[in-house]
file start35.csv (CSV, C-alpha atoms)
chain,number,residue,atom,x,y,z
A,1,MET,CA,6.0,89.4,1.9
A,2,GLN,CA,4.2,86.9,4.2
A,3,PRO,CA,6.6,83.9,4.0
A,4,TRP,CA,5.6,82.5,7.5
A,5,ASN,CA,3.3,79.8,8.8
A,6,PHE,CA,2.4,79.4,12.4
A,7,MET,CA,2.1,75.8,13.5
A,8,VAL,CA,0.2,75.4,16.8
A,9,VAL,CA,1.4,72.3,18.6
A,10,ARG,CA,-0.7,70.8,21.4
A,11,SER,CA,-0.5,67.1,20.7
A,12,ASP,CA,1.4,65.3,23.4
A,13,GLU,CA,2.8,62.8,20.9
A,14,VAL,CA,4.3,65.6,18.7
A,15,LYS,CA,5.7,67.4,21.8
A,16,GLN,CA,7.3,64.2,22.9
A,17,ARG,CA,9.0,63.8,19.5
A,18,VAL,CA,10.3,67.4,19.7
A,19,HIS,CA,11.4,66.9,23.3
A,20,ARG,CA,13.4,63.8,22.3
A,21,ALA,CA,15.1,65.9,19.5
A,22,PHE,CA,15.9,68.6,22.1
A,23,SER,CA,17.3,66.1,24.6
A,24,GLU,CA,19.7,64.6,22.0
A,25,ALA,CA,21.0,68.1,20.9
A,26,HIS,CA,21.2,69.2,24.6
A,27,ARG,CA,23.5,66.2,25.4
A,28,GLU,CA,25.7,67.1,22.5
A,29,ALA,CA,25.8,70.8,23.5
A,30,ALA,CA,26.8,70.0,27.1
A,31,GLU,CA,29.9,68.1,25.7
A,32,MET,CA,31.0,71.3,24.0
A,33,PHE,CA,31.5,73.1,27.3
A,34,GLU,CA,34.1,72.2,30.0
A,35,GLY,CA,34.3,72.1,33.8
A,36,ASP,CA,32.3,74.8,35.6
A,37,LYS,CA,30.8,76.0,32.3
A,38,ARG,CA,29.3,72.5,31.6
A,39,GLU,CA,27.8,72.4,35.1
A,40,THR,CA,26.3,75.9,34.7
A,41,TYR,CA,25.0,74.8,31.2
A,42,GLN,CA,23.3,71.8,32.7
A,43,SER,CA,21.6,73.8,35.4
A,44,LEU,CA,19.9,76.2,33.0
A,45,LYS,CA,16.2,76.1,32.1
A,46,LEU,CA,16.5,75.8,28.3
A,47,GLU,CA,13.1,74.5,27.3
A,48,GLY,CA,9.5,74.0,28.5
A,49,ILE,CA,8.2,71.7,25.6
A,50,LEU,CA,6.2,69.3,27.7
A,51,GLU,CA,4.9,71.5,30.5
A,52,SER,CA,3.8,74.4,28.4
A,53,PRO,CA,0.3,73.9,27.0
A,54,VAL,CA,1.0,75.4,23.6
A,55,ASN,CA,4.1,75.2,21.5
A,56,ILE,CA,4.3,77.2,18.3
A,57,CYS,CA,6.6,76.6,15.4
A,58,ILE,CA,7.1,79.6,13.0
A,59,THR,CA,8.4,78.7,9.6
A,60,CYS,CA,9.5,80.4,6.4
A,61,ASP,CA,8.5,79.4,2.8
A,62,ARG,CA,11.4,80.7,0.7
A,63,GLU,CA,9.5,80.2,-2.6
A,64,ARG,CA,6.1,81.4,-1.7
A,65,THR,CA,5.7,84.3,-4.0
A,66,GLY,CA,8.0,83.3,-6.8
A,67,PRO,CA,11.6,84.1,-7.6
A,68,THR,CA,11.3,87.9,-7.7
A,69,VAL,CA,10.0,89.4,-4.5
A,70,ILE,CA,9.9,93.1,-3.7
A,71,GLY,CA,12.4,93.8,-0.9
A,72,ARG,CA,14.2,90.6,-1.7
A,73,THR,CA,15.8,91.5,-5.0
A,74,HIS,CA,19.2,92.3,-3.5
A,75,ILE,CA,19.2,90.8,0.0
A,76,LYS,CA,18.0,87.3,-0.2
A,77,THR,CA,17.7,86.7,3.5
A,78,MET,CA,14.9,89.3,3.9
A,79,ASP,CA,12.3,86.5,4.0
A,80,LEU,CA,14.0,84.8,6.9
A,81,TYR,CA,14.3,88.1,8.6
A,82,SER,CA,10.6,88.8,8.0
A,83,SER,CA,9.7,85.6,9.7
A,84,VAL,CA,11.9,86.4,12.7
A,85,CYS,CA,10.1,89.8,13.0
A,86,ALA,CA,6.8,87.8,13.1
A,87,VAL,CA,8.3,85.7,15.9
A,88,GLN,CA,9.3,88.8,17.9
A,89,ASN,CA,5.9,90.4,17.4
A,90,LEU,CA,4.2,87.3,18.8
A,91,TRP,CA,6.7,87.1,21.7
A,92,LEU,CA,6.1,90.7,22.8
A,93,ALA,CA,2.3,90.4,22.3
A,94,ALA,CA,2.4,87.3,24.5
A,95,ARG,CA,4.5,89.0,27.1
A,96,ALA,CA,2.0,91.9,27.2
A,97,GLU,CA,-0.6,89.3,28.1
A,98,GLN,CA,1.6,88.0,30.9
A,99,LEU,CA,2.4,84.9,29.0
A,100,GLY,CA,6.0,83.5,29.0
A,101,VAL,CA,7.6,82.5,25.8
A,102,GLY,CA,10.8,80.4,25.4
A,103,TRP,CA,12.6,79.9,22.1
A,104,VAL,CA,14.0,76.4,21.8
A,105,SER,CA,17.2,76.6,19.7
A,106,ILE,CA,19.1,73.6,20.9
A,107,ILE,CA,17.7,71.2,18.4
A,108,LYS,CA,18.7,69.8,15.0
A,109,GLN,CA,16.7,71.4,12.2
A,110,GLN,CA,16.2,68.1,10.4
A,111,ALA,CA,14.8,66.4,13.6
A,112,LEU,CA,12.4,69.3,14.1
A,113,GLN,CA,11.2,69.0,10.5
A,114,GLU,CA,10.6,65.3,10.9
A,115,ALA,CA,8.7,65.7,14.2
A,116,LEU,CA,6.3,68.3,12.6
A,117,GLY,CA,6.2,66.9,9.1
A,118,ILE,CA,7.7,70.1,7.7
A,119,PRO,CA,8.8,69.6,4.0
A,120,ASP,CA,12.4,70.1,3.1
A,121,ASN,CA,11.8,73.3,1.2
A,122,ILE,CA,10.4,75.0,4.3
A,123,VAL,CA,12.7,76.5,6.9
A,124,PRO,CA,11.7,76.2,10.6
A,125,ILE,CA,12.7,79.5,12.1
A,126,ALA,CA,11.6,79.3,15.7
A,127,TYR,CA,10.1,76.7,18.1
A,128,LEU,CA,8.4,78.5,21.0
A,129,CYS,CA,7.0,77.2,24.3
A,130,VAL,CA,4.1,79.4,25.4
A,131,GLY,CA,2.4,79.4,28.8
A,132,TYR,CA,1.9,81.2,32.1
A,133,VAL,CA,5.0,81.2,34.2
A,134,SER,CA,5.7,81.5,37.9
A,135,HIS,CA,7.6,84.7,37.5
A,136,PHE,CA,9.5,86.9,35.0
A,137,TYR,CA,13.2,87.6,35.5
A,138,GLN,CA,14.4,91.2,36.0
A,139,LYS,CA,17.5,90.4,34.0
A,140,PRO,CA,18.2,87.9,31.2
A,141,GLU,CA,18.7,84.5,32.7
A,142,LEU,CA,22.2,84.0,31.2
A,143,GLU,CA,23.3,87.3,32.7
A,144,THR,CA,22.0,86.3,36.2
A,145,ALA,CA,23.7,82.9,35.8
A,146,GLN,CA,27.0,84.8,35.1
A,147,TRP,CA,27.3,83.0,31.8
A,148,LEU,CA,28.3,86.2,30.0
A,149,PRO,CA,28.2,89.8,31.2
A,150,ARG,CA,26.0,92.3,29.5
A,151,LEU,CA,28.1,94.3,27.1
A,152,PRO,CA,28.6,98.0,27.8
A,153,LEU,CA,26.6,100.3,25.5
A,154,GLU,CA,29.7,102.2,24.5
A,155,GLU,CA,30.9,99.1,22.6
A,156,LEU,CA,27.5,98.6,20.9
A,157,VAL,CA,26.6,102.0,19.7
A,158,PHE,CA,28.6,103.6,16.9
A,159,PHE,CA,28.2,106.9,15.0
A,160,ASP,CA,28.2,107.3,11.2
A,161,GLN,CA,31.1,104.9,10.7
A,162,TRP,CA,32.1,101.5,12.1
A,163,ASP,CA,33.8,101.6,15.5
A,164,ASN,CA,33.4,105.4,15.7
A,165,ARG,CA,32.5,106.0,19.3
A,166,LYS,CA,33.4,109.7,19.3
A,167,SER,CA,30.5,112.0,19.0
A,168,ALA,CA,29.3,115.1,20.6
A,169,ASP,CA,26.0,113.3,21.2
A,170,GLU,CA,27.4,110.0,22.3
A,171,GLU,CA,27.5,110.8,26.0
A,172,SER,CA,24.0,112.2,26.1
A,173,LEU,CA,22.5,109.3,24.0
A,174,ILE,CA,24.1,106.6,26.1
A,175,ALA,CA,23.0,108.4,29.3
A,176,GLN,CA,19.4,108.6,27.9
A,177,ILE,CA,19.4,104.9,27.1
A,178,GLU,CA,20.7,104.0,30.6
A,179,GLN,CA,17.9,106.2,32.1
A,180,ASP,CA,15.2,104.6,29.9
A,181,ARG,CA,16.5,101.1,30.8
A,182,GLY,CA,16.2,102.0,34.5
A,183,PHE,CA,12.6,103.2,33.9
A,184,ALA,CA,11.7,100.0,32.1
A,185,GLN,CA,12.9,97.9,35.0
A,186,GLN,CA,10.9,99.7,37.6
B,1,MET,CA,24.1,86.5,22.9
B,2,GLN,CA,24.5,90.2,22.0
B,3,PRO,CA,25.9,90.0,18.5
B,4,TRP,CA,24.5,93.3,17.4
B,5,ASN,CA,25.8,96.9,17.0
B,6,PHE,CA,23.6,99.9,16.4
B,7,MET,CA,25.2,102.4,14.1
B,8,VAL,CA,23.5,105.8,14.3
B,9,VAL,CA,23.9,107.7,11.0
B,10,ARG,CA,23.3,111.4,10.9
B,11,SER,CA,26.1,112.6,8.6
B,12,ASP,CA,24.7,113.9,5.3
B,13,GLU,CA,27.8,112.6,3.5
B,14,VAL,CA,27.2,109.1,4.7
B,15,LYS,CA,23.5,109.2,4.0
B,16,GLN,CA,24.3,110.4,0.4
B,17,ARG,CA,26.5,107.4,-0.1
B,18,VAL,CA,23.8,105.0,1.2
B,19,HIS,CA,21.3,106.8,-1.0
B,20,ARG,CA,23.4,106.3,-4.1
B,21,ALA,CA,23.7,102.6,-3.3
B,22,PHE,CA,20.0,102.4,-2.9
B,23,SER,CA,19.3,104.2,-6.2
B,24,GLU,CA,21.5,101.8,-8.1
B,25,ALA,CA,19.8,98.7,-6.6
B,26,HIS,CA,16.4,100.4,-7.1
B,27,ARG,CA,17.0,100.8,-10.8
B,28,GLU,CA,18.1,97.2,-11.1
B,29,ALA,CA,15.1,96.0,-9.2
B,30,ALA,CA,12.7,98.0,-11.4
B,31,GLU,CA,14.1,96.0,-14.4
B,32,MET,CA,13.0,92.8,-12.8
B,33,PHE,CA,9.3,93.7,-13.0
B,34,GLU,CA,7.3,94.1,-16.2
B,35,GLY,CA,4.5,96.4,-17.4
B,36,ASP,CA,2.0,97.5,-14.8
B,37,LYS,CA,4.0,95.9,-12.1
B,38,ARG,CA,7.0,98.0,-12.9
B,39,GLU,CA,4.9,101.2,-12.9
B,40,THR,CA,3.5,100.2,-9.5
B,41,TYR,CA,7.0,99.4,-8.2
B,42,GLN,CA,8.3,102.8,-9.3
B,43,SER,CA,5.4,104.6,-7.6
B,44,LEU,CA,6.1,103.0,-4.2
B,45,LYS,CA,7.8,104.9,-1.3
B,46,LEU,CA,10.7,102.5,-0.6
B,47,GLU,CA,13.2,104.7,1.4
B,48,GLY,CA,13.5,107.9,3.4
B,49,ILE,CA,17.3,107.9,3.7
B,50,LEU,CA,17.9,111.6,3.1
B,51,GLU,CA,14.7,113.2,4.6
B,52,SER,CA,14.7,111.2,7.9
B,53,PRO,CA,16.9,112.8,10.5
B,54,VAL,CA,18.3,109.6,11.8
B,55,ASN,CA,19.3,106.4,10.0
B,56,ILE,CA,20.2,103.3,12.0
B,57,CYS,CA,22.2,100.3,10.8
B,58,ILE,CA,21.9,97.2,12.9
B,59,THR,CA,24.7,94.6,12.4
B,60,CYS,CA,25.6,91.1,13.5
B,61,ASP,CA,29.1,90.1,14.6
B,62,ARG,CA,29.1,86.3,14.0
B,63,GLU,CA,32.4,85.7,15.9
B,64,ARG,CA,31.8,87.9,18.9
B,65,THR,CA,31.8,85.3,21.7
B,66,GLY,CA,33.9,82.6,20.1
B,67,PRO,CA,33.0,79.4,18.2
B,68,THR,CA,30.8,77.8,20.8
B,69,VAL,CA,27.8,79.9,21.8
B,70,ILE,CA,24.9,78.7,23.9
B,71,GLY,CA,21.8,78.6,21.8
B,72,ARG,CA,23.9,78.4,18.6
B,73,THR,CA,25.4,75.0,19.0
B,74,HIS,CA,22.9,73.4,16.6
B,75,ILE,CA,21.2,76.3,14.7
B,76,LYS,CA,24.0,78.5,13.4
B,77,THR,CA,21.7,81.3,12.2
B,78,MET,CA,20.5,82.1,15.7
B,79,ASP,CA,22.9,85.1,15.9
B,80,LEU,CA,21.4,86.6,12.8
B,81,TYR,CA,17.9,86.0,14.2
B,82,SER,CA,18.9,87.6,17.5
B,83,SER,CA,19.9,90.7,15.7
B,84,VAL,CA,16.6,90.8,13.8
B,85,CYS,CA,14.8,90.5,17.1
B,86,ALA,CA,16.7,93.6,18.2
B,87,VAL,CA,15.6,95.4,15.0
B,88,GLN,CA,12.0,94.5,15.6
B,89,ASN,CA,12.2,95.6,19.3
B,90,LEU,CA,13.5,99.0,18.2
B,91,TRP,CA,10.9,99.3,15.5
B,92,LEU,CA,8.0,98.7,17.8
B,93,ALA,CA,9.5,100.9,20.5
B,94,ALA,CA,9.8,103.7,18.0
B,95,ARG,CA,6.2,103.2,16.7
B,96,ALA,CA,5.0,103.4,20.3
B,97,GLU,CA,6.6,106.9,20.4
B,98,GLN,CA,4.8,107.8,17.2
B,99,LEU,CA,8.0,107.5,15.2
B,100,GLY,CA,8.0,106.0,11.7
B,101,VAL,CA,10.5,103.4,10.8
B,102,GLY,CA,11.3,102.2,7.3
B,103,TRP,CA,13.6,99.2,6.5
B,104,VAL,CA,15.7,99.8,3.4
B,105,SER,CA,16.3,96.3,1.9
B,106,ILE,CA,16.8,97.3,-1.8
B,107,ILE,CA,20.6,97.8,-1.5
B,108,LYS,CA,23.7,95.7,-2.2
B,109,GLN,CA,25.2,94.5,1.1
B,110,GLN,CA,28.8,95.2,-0.1
B,111,ALA,CA,27.8,98.8,-1.1
B,112,LEU,CA,26.3,99.3,2.4
B,113,GLN,CA,29.4,98.0,4.1
B,114,GLU,CA,31.6,100.4,2.1
B,115,ALA,CA,29.4,103.4,2.8
B,116,LEU,CA,29.5,102.7,6.6
B,117,GLY,CA,33.0,101.3,6.8
B,118,ILE,CA,31.7,97.9,8.1
B,119,PRO,CA,34.3,95.2,8.0
B,120,ASP,CA,33.9,92.1,5.9
B,121,ASN,CA,33.3,89.8,8.9
B,122,ILE,CA,30.4,91.9,10.2
B,123,VAL,CA,26.9,91.3,8.6
B,124,PRO,CA,24.7,94.4,8.2
B,125,ILE,CA,21.2,93.1,9.1
B,126,ALA,CA,19.0,96.2,8.7
B,127,TYR,CA,19.2,99.8,7.5
B,128,LEU,CA,16.4,101.8,9.0
B,129,CYS,CA,15.2,105.3,8.3
B,130,VAL,CA,13.7,106.8,11.5
B,131,GLY,CA,11.6,110.0,11.8
B,132,TYR,CA,8.2,111.6,12.4
B,133,VAL,CA,5.8,110.9,9.5
B,134,SER,CA,2.8,112.6,8.2
B,135,HIS,CA,0.6,109.6,8.9
B,136,PHE,CA,0.5,105.9,9.5
B,137,TYR,CA,-1.2,103.5,7.1
B,138,GLN,CA,-4.2,101.4,8.3
B,139,LYS,CA,-2.9,98.6,6.1
B,140,PRO,CA,0.5,97.6,4.9
B,141,GLU,CA,1.4,99.8,1.9
B,142,LEU,CA,1.9,96.9,-0.5
B,143,GLU,CA,-1.6,95.6,0.4
B,144,THR,CA,-3.1,99.0,-0.3
B,145,ALA,CA,-1.2,99.3,-3.6
B,146,GLN,CA,-2.6,95.9,-4.5
B,147,TRP,CA,0.9,94.5,-5.0
B,148,LEU,CA,-0.1,91.3,-3.3
B,149,PRO,CA,-3.2,90.4,-1.3
B,150,ARG,CA,-3.1,89.6,2.4
B,151,LEU,CA,-3.0,85.8,2.7
B,152,PRO,CA,-6.0,84.2,4.5
B,153,LEU,CA,-5.3,83.0,8.0
B,154,GLU,CA,-6.5,79.5,7.1
B,155,GLU,CA,-3.5,79.1,4.9
B,156,LEU,CA,-1.1,80.3,7.5
B,157,VAL,CA,-2.1,78.5,10.7
B,158,PHE,CA,-1.6,74.8,11.0
B,159,PHE,CA,-2.2,72.3,13.8
B,160,ASP,CA,0.4,69.8,15.1
B,161,GLN,CA,1.5,68.8,11.6
B,162,TRP,CA,2.4,70.7,8.4
B,163,ASP,CA,-0.6,71.5,6.3
B,164,ASN,CA,-3.1,70.2,8.9
B,165,ARG,CA,-5.9,72.7,8.9
B,166,LYS,CA,-8.4,70.4,10.5
B,167,SER,CA,-8.8,71.0,14.2
B,168,ALA,CA,-11.8,71.3,16.5
B,169,ASP,CA,-10.2,74.6,17.7
B,170,GLU,CA,-9.3,75.9,14.3
B,171,GLU,CA,-12.5,77.8,13.7
B,172,SER,CA,-12.6,79.5,17.1
B,173,LEU,CA,-8.9,80.4,17.0
B,174,ILE,CA,-9.1,82.0,13.5
B,175,ALA,CA,-12.3,83.8,14.6
B,176,GLN,CA,-10.5,85.1,17.7
B,177,ILE,CA,-7.5,86.4,15.6
B,178,GLU,CA,-9.9,88.1,13.2
B,179,GLN,CA,-11.6,89.8,16.1
B,180,ASP,CA,-8.4,90.9,17.7
B,181,ARG,CA,-7.2,92.3,14.4
B,182,GLY,CA,-10.4,94.3,14.1
B,183,PHE,CA,-9.8,95.6,17.6
B,184,ALA,CA,-6.2,96.6,16.8
B,185,GLN,CA,-7.3,98.6,13.8
B,186,GLN,CA,-9.9,100.6,15.7
call {"tool": "encode", "arguments": {"input": "start35.csv", "output": "structure tokens"}}
result
Amino acid sequence: MQPWNFMVVRSDEVKQRVHRAFSEAHREAAEMFEGDKRETYQSLKLEGILESPVNICITCDRERTGPTVIGRTHIKTMDLYSSVCAVQNLWLAARAEQLGVGWVSIIKQQALQEALGIPDNIVPIAYLCVGYVSHFYQKPELETAQWLPRLPLEELVFFDQWDNRKSADEESLIAQIEQDRGFAQQ
Amino acid sequence: MQPWNFMVVRSDEVKQRVHRAFSEAHREAAEMFEGDKRETYQSLKLEGILESPVNICITCDRERTGPTVIGRTHIKTMDLYSSVCAVQNLWLAARAEQLGVGWVSIIKQQALQEALGIPDNIVPIAYLCVGYVSHFYQKPELETAQWLPRLPLEELVFFDQWDNRKSADEESLIAQIEQDRGFAQQ
């Protein structure tokens, strides 16, 4: 299953169109938050459409190999998920080359399709801004901005059944993950 | 946004339940292919539920941080996509440790939820079989089995607008990707 396309965007005109679509959605999104939260929202760096040299739109063609696709016979969203895996592969490969990648998700799908001439039967999955950055954060930006705290591992890892946190191995597994995370941040 | 949970499955009883759900869907899927295609389908290795020591189910809680979530104000599927990114991160991290990972997608979502006690409001995204393997393939298994050919890069990479394959840089970019792919396979 290769349902994806990679659209490499370098045209200033196209970037301007995408940026206008972002700006409109961004204004709408700000209205959804109140008080301090709105102020914090407005202070966040949420896109780099115009200043990054390359934007990349990854799409999914849901009809590419016909109605019956291996691995999609029972879970129809597997094609969307495959395209997301392709996005994440690109993201990590770019990061390994010291390139920053930002995923612009504050945008209306229809406006993005119009800006890039994407037909109605193709789903845009991700719009990425790619370029060298001044620095990388040690922690996710939203965690640093105290938008939401990082969730404790104990709430995220279950054993054998939903919500089962009791396991002889739980403590050692969680401890190992914490240790590995510390190693990764060194 | 951390909508995911990681369910670590090692119980033989739970694995048996998941395997029965796979087997049922697998039989149904085989019926969807005809002749040689069905024979090829039946010869493929599509799961390792019972023989892998650890199975991991990654889920998505679509209501975790309330109705208004940054990055999800305009594209509602971003939470599903975030969980898929978490799957791919785990997959690549495992591969870097020489661990094999297989994504079982031939299964009914409802049957998987029942086997793991996952509530109706939680979406199972991926069911992974994790373990050491005898070898890694040089090419994707479905390509080797001649199920479908790999698509040419020229059909997958566009410039600035949908279906625009004409670019001064196209040839050099495609050539560079081909070269990098060769390097990765060495």
call {"tool": "residues_around", "arguments": {"input": "start35.csv", "residues": "Ile70 in chain B", "least_positions_apart": "2", "cutoff": "10 Å", "atoms": "all atoms listed in the file", "output": "list of chain:residue names"}}
result
A:Ala29, A:Ala30, A:Met32, A:Phe33, A:Tyr41, A:Leu46, A:Ser105, A:Ile106, A:Leu142, A:Trp147, B:Met1, B:Thr65, B:Pro67, B:Thr68, B:Arg72, B:Thr73, B:His74, B:Met78
call {"tool": "write_last_selection", "arguments": {"input": "start35.csv", "atoms": "C-alpha atoms", "output": "compact mmCIF listing (two decimals), keeping the file's coordinate frame"}}
result
# COMPACT_ATOMS: atom_id res chain seq x y z
CA ALA A 29 25.80 70.80 23.50
CA ALA A 30 26.80 70.00 27.10
CA MET A 32 31.00 71.30 24.00
CA PHE A 33 31.50 73.10 27.30
CA TYR A 41 25.00 74.80 31.20
CA LEU A 46 16.50 75.80 28.30
CA SER A 105 17.20 76.60 19.70
CA ILE A 106 19.10 73.60 20.90
CA LEU A 142 22.20 84.00 31.20
CA TRP A 147 27.30 83.00 31.80
CA MET B 1 24.10 86.50 22.90
CA THR B 65 31.80 85.30 21.70
CA PRO B 67 33.00 79.40 18.20
CA THR B 68 30.80 77.80 20.80
CA ARG B 72 23.90 78.40 18.60
CA THR B 73 25.40 75.00 19.00
CA HIS B 74 22.90 73.40 16.60
CA MET B 78 20.50 82.10 15.70
call {"tool": "closest_atom_pairs", "arguments": {"input": "start35.csv", "of": "chain A", "to": "chain B", "cutoff": "6 Å", "atoms": "only C-alpha atoms", "output": "CSV"}}
result
residue,atom,partner,partner_atom,distance
A:Asn5,CA,B:Leu156,CA,4.6
A:Phe6,CA,B:Val157,CA,4.9
A:Met7,CA,B:Phe158,CA,4.6
A:Val8,CA,B:Phe159,CA,4.9
A:Val9,CA,B:Asp160,CA,4.4
A:Gly71,CA,B:Ser105,CA,5.4
A:His74,CA,B:Lys108,CA,5.8
A:Cys85,CA,B:Gln88,CA,5.7
A:Gln88,CA,B:Cys85,CA,5.8
A:Ser105,CA,B:Gly71,CA,5.4
A:Ile106,CA,B:His74,CA,5.7
A:Ile107,CA,B:His74,CA,5.9
A:Lys108,CA,B:His74,CA,5.8
A:Leu116,CA,B:Gln161,CA,4.9
A:Gly117,CA,B:Trp162,CA,5.4
A:Ile118,CA,B:Trp162,CA,5.4
A:Leu156,CA,B:Asn5,CA,4.6
A:Val157,CA,B:Phe6,CA,4.9
A:Phe158,CA,B:Met7,CA,4.6
A:Phe159,CA,B:Val8,CA,4.9
A:Asp160,CA,B:Val9,CA,4.3
A:Gln161,CA,B:Leu116,CA,4.9
A:Trp162,CA,B:Gly117,CA,5.4
call {"tool": "atom_distance", "arguments": {"input": "start35.csv", "atom1": "CA of Gly102 in chain A", "atom2": "CA of Tyr127 in chain A"}}
result
8.2 Å
call {"tool": "atom_distance", "arguments": {"input": "start35.csv", "atom1": "CA of Gln146 in chain A", "atom2": "CA of Asp36 in chain A"}}
result
11.3 Å
call {"tool": "closest_residue", "arguments": {"input": "start35.csv", "among": "A:Asp120, A:Glu47, A:Glu31, A:Asp180", "to": "His19 in chain A", "atoms": "only C-alpha atoms"}}
result
A:Glu47
call {"tool": "atom_distance", "arguments": {"input": "start35.csv", "atom1": "CA of Val18 in chain B", "atom2": "CA of Lys166 in chain A"}}
result
21.0 Å
call {"tool": "closest_residue", "arguments": {"input": "start35.csv", "among": "A:Lys37, A:Ala21, A:Gln42, A:Tyr132", "to": "Ala96 in chain A", "atoms": "only C-alpha atoms"}}
result
A:Tyr132
